[in-house]
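These notes are about the structure you will find just below.
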Amino acid sequence: AFDVDAAADALLDTLRWRREYRPDVVMAATDVFEPFHALRNMYVSGVDVGGRPVIVCTPAFNPWPGTTRLAYLVHVLERTIAAMRPPVERITYIIDFNLYQKNGRSPDGAQVALGTLKLLQAHYPERLHAMLVLDMPWMFNAVYAVLKPFIDAGTKAKLHWASVSDMPLAARALIAPEHVERRLGGTAPNLRDECAVDAALAVAQRVVDRDGGALALELVADPVAFARAHGGNGD
């Protein structure tokens with residue numbers, strides 16, 4: 001049965017989060033997140049069979065601190081949602097682990113995994129249509145086993161596991177091949193260029209080594225003050 005009290009509590013919690021975290025400010029901070037975008041760890045790639053946007057996540061190495069990587073997730077989600085047109089209300093995700101550990105493990109990996117789950121379940125619960133997870137490493141199976149009791153049944157039903165090798169068959173009911181990149185088993189052009197990503201990664205690493213990614217950390221620490229200091233609307 002639908003729990004009205006739990007739904008009301010969840011709504012109030014999300015309203016408080018939106019007032020304090022200010023996802024509208026995070027969404028508008030395109031200059032801050034340009035270096036993140038260049039790493040191509042997360043981007044929109046076509047639509048699924050229902051016209052819903054498809055977000056591709058590639059958990060390759062990312063030197064930015066975990067709090068700022070979670071802020072980038074909010075940035076991508078908010079911009080994707082803002083671009084939707086009725087009747088589209090949900091998002092399909094492809095999580096591709098094939099480049100995991102290519103350049104080493106990202107910092108704060110556990111924090112980001114837990115934060116992502118909490119963020120999607122607590123504040124974007126009805127935005128998830130389906131999530132297709134490709135070639136998940138054994139260590140993430142262990143993490144998933146720990147997290148599984150905290151994932152609600154509705155979310156579990158939306159998770160699908162596959163390999164790039166059987167991607168065309170696994171994704172047929174979700175995404176047409178012309179909306180899936182060739183590197184993921186479809187026929188669409190690849191949107192992730194490894195040479196460009198390697199160059200962007202070198203730049204990102206220099207920035208993080210220099211000041212820890214201070215601009216992004218400033219945004220996460222106080223979005224309102226950040227907006228006022230950088231010409232945005234913090235009201």
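Ligands are numbered from 1 in the order shown, residues from 1 within each chain, and chains are lettered A, B, ... in the order they appear in the structure tokens.
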
Set the distance at 9 Å and use only C-alpha atoms: which residues neighbour Trp64 in chain A once local chain neighbours fewer than 3 positions away are removed? I'd like the list as a compact mmCIF listing (two decimals) with N, CA, C and O atoms, in the first residue's frame.
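So the final result, stored in result.txt, reads:
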```
# COMPACT_ATOMS: atom_id res chain seq x y z
N PHE A 36 35.04 18.82 -16.10
CA PHE A 36 34.42 17.52 -15.84
C PHE A 36 33.83 16.97 -17.13
O PHE A 36 33.97 15.77 -17.44
N THR A 67 33.07 14.94 -3.52
CA THR A 67 31.96 15.89 -3.37
C THR A 67 31.70 16.65 -4.66
O THR A 67 30.54 16.93 -5.00
N THR A 68 32.76 16.96 -5.40
CA THR A 68 32.56 17.70 -6.64
C THR A 68 32.08 16.78 -7.76
O THR A 68 31.35 17.21 -8.65
N ARG A 69 32.46 15.49 -7.72
CA ARG A 69 31.94 14.56 -8.72
C ARG A 69 30.44 14.34 -8.51
O ARG A 69 29.68 14.21 -9.47
N SER A 106 39.74 6.14 -8.91
CA SER A 106 39.40 7.52 -8.55
C SER A 106 39.38 7.67 -7.03
O SER A 106 39.06 6.71 -6.31
N PRO A 107 39.70 8.87 -6.53
CA PRO A 107 39.61 9.09 -5.07
C PRO A 107 38.17 9.05 -4.60
O PRO A 107 37.24 9.34 -5.37
N ALA A 204 43.11 18.17 -15.93
CA ALA A 204 42.38 18.08 -14.67
C ALA A 204 43.31 17.73 -13.52
O ALA A 204 43.21 18.29 -12.42
N GLN A 205 44.24 16.82 -13.78
CA GLN A 205 45.17 16.42 -12.73
C GLN A 205 46.05 17.59 -12.29
O GLN A 205 46.32 17.77 -11.09
N VAL A 208 43.89 19.88 -10.05
CA VAL A 208 43.68 19.29 -8.73
C VAL A 208 44.98 19.32 -7.92
O VAL A 208 44.97 19.62 -6.72
N GLY A 212 43.56 21.66 -5.56
CA GLY A 212 42.54 20.73 -5.07
C GLY A 212 41.20 20.88 -5.77
O GLY A 212 40.20 20.31 -5.31
N GLY A 213 41.17 21.65 -6.86
CA GLY A 213 39.88 21.91 -7.53
C GLY A 213 39.06 22.91 -6.74
O GLY A 213 37.87 22.72 -6.50
N ALA A 216 35.42 24.35 -7.85
CA ALA A 216 34.31 23.40 -7.69
C ALA A 216 34.00 23.18 -6.22
O ALA A 216 32.83 23.07 -5.83
```

- Item | Which of range 5-221 of chain A fall in alpha helix (DSSP H), as an MDAnalysis selection string | chainID A and resid 5:21 23:28 30:38 66:83 109:123 138:147 153:156 167:171 194:211 214:221

- Message: At a cut-off of 7 Å, using only C-alpha atoms, what residues contact range 70-81 of chain A? Leave out same-chain residues fewer than 2 positions from it and give the result as a VMD selection string.
- Response: chain A and resid 23 26 to 27 33 66 to 68 83 to 84 112 116 220

Those same residues - C-alpha atoms - I'd like them written as a PDB file, in the first residue's frame.
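Printed below is again.pdb as written:
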```
ATOM      1  CA  PRO A  23      20.758  22.396  -7.538  1.00  0.00           C
ATOM      2  CA  VAL A  26      24.846  23.857  -9.548  1.00  0.00           C
ATOM      3  CA  MET A  27      23.019  23.433 -12.866  1.00  0.00           C
ATOM      4  CA  PHE A  33      31.982  21.846 -14.804  1.00  0.00           C
ATOM      5  CA  GLY A  66      34.147  12.969  -4.499  1.00  0.00           C
ATOM      6  CA  THR A  67      31.960  15.887  -3.369  1.00  0.00           C
ATOM      7  CA  THR A  68      32.556  17.704  -6.641  1.00  0.00           C
ATOM      8  CA  ALA A  83      15.627  19.813 -21.443  1.00  0.00           C
ATOM      9  CA  MET A  84      12.824  17.227 -21.222  1.00  0.00           C
ATOM     10  CA  VAL A 112      30.720   8.564  -4.596  1.00  0.00           C
ATOM     11  CA  THR A 116      25.037   8.447  -5.932  1.00  0.00           C
ATOM     12  CA  VAL A 220      29.749  22.764  -3.268  1.00  0.00           C
TER      13      VAL A 220
END
```

- Between CA of Glu178 in chain A and CA of Thr30 in chain A, what is the distance, to one decimal in Å?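 Between CA of Glu178 in chain A and CA of Thr30 in chain A the gap is 28.6 Å.
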
Any chance you could tabulate, as CSV, the residues of range 68-106 of chain A at most 7 Å from range 38-56 of chain A with each one's nearest atom pair and distance in Å to one decimal, using only C-alpha atoms, in chain and rising number order?
```
residue,atom,partner,partner_atom,distance
A:Val88,CA,A:Arg52,CA,5.9
A:Arg90,CA,A:Arg52,CA,6.1
A:Ile91,CA,A:Pro53,CA,5.4
A:Thr92,CA,A:Val54,CA,4.8
A:Tyr93,CA,A:Ile55,CA,4.8
A:Ile94,CA,A:Val56,CA,4.8
A:Ile95,CA,A:Val56,CA,6.0
```
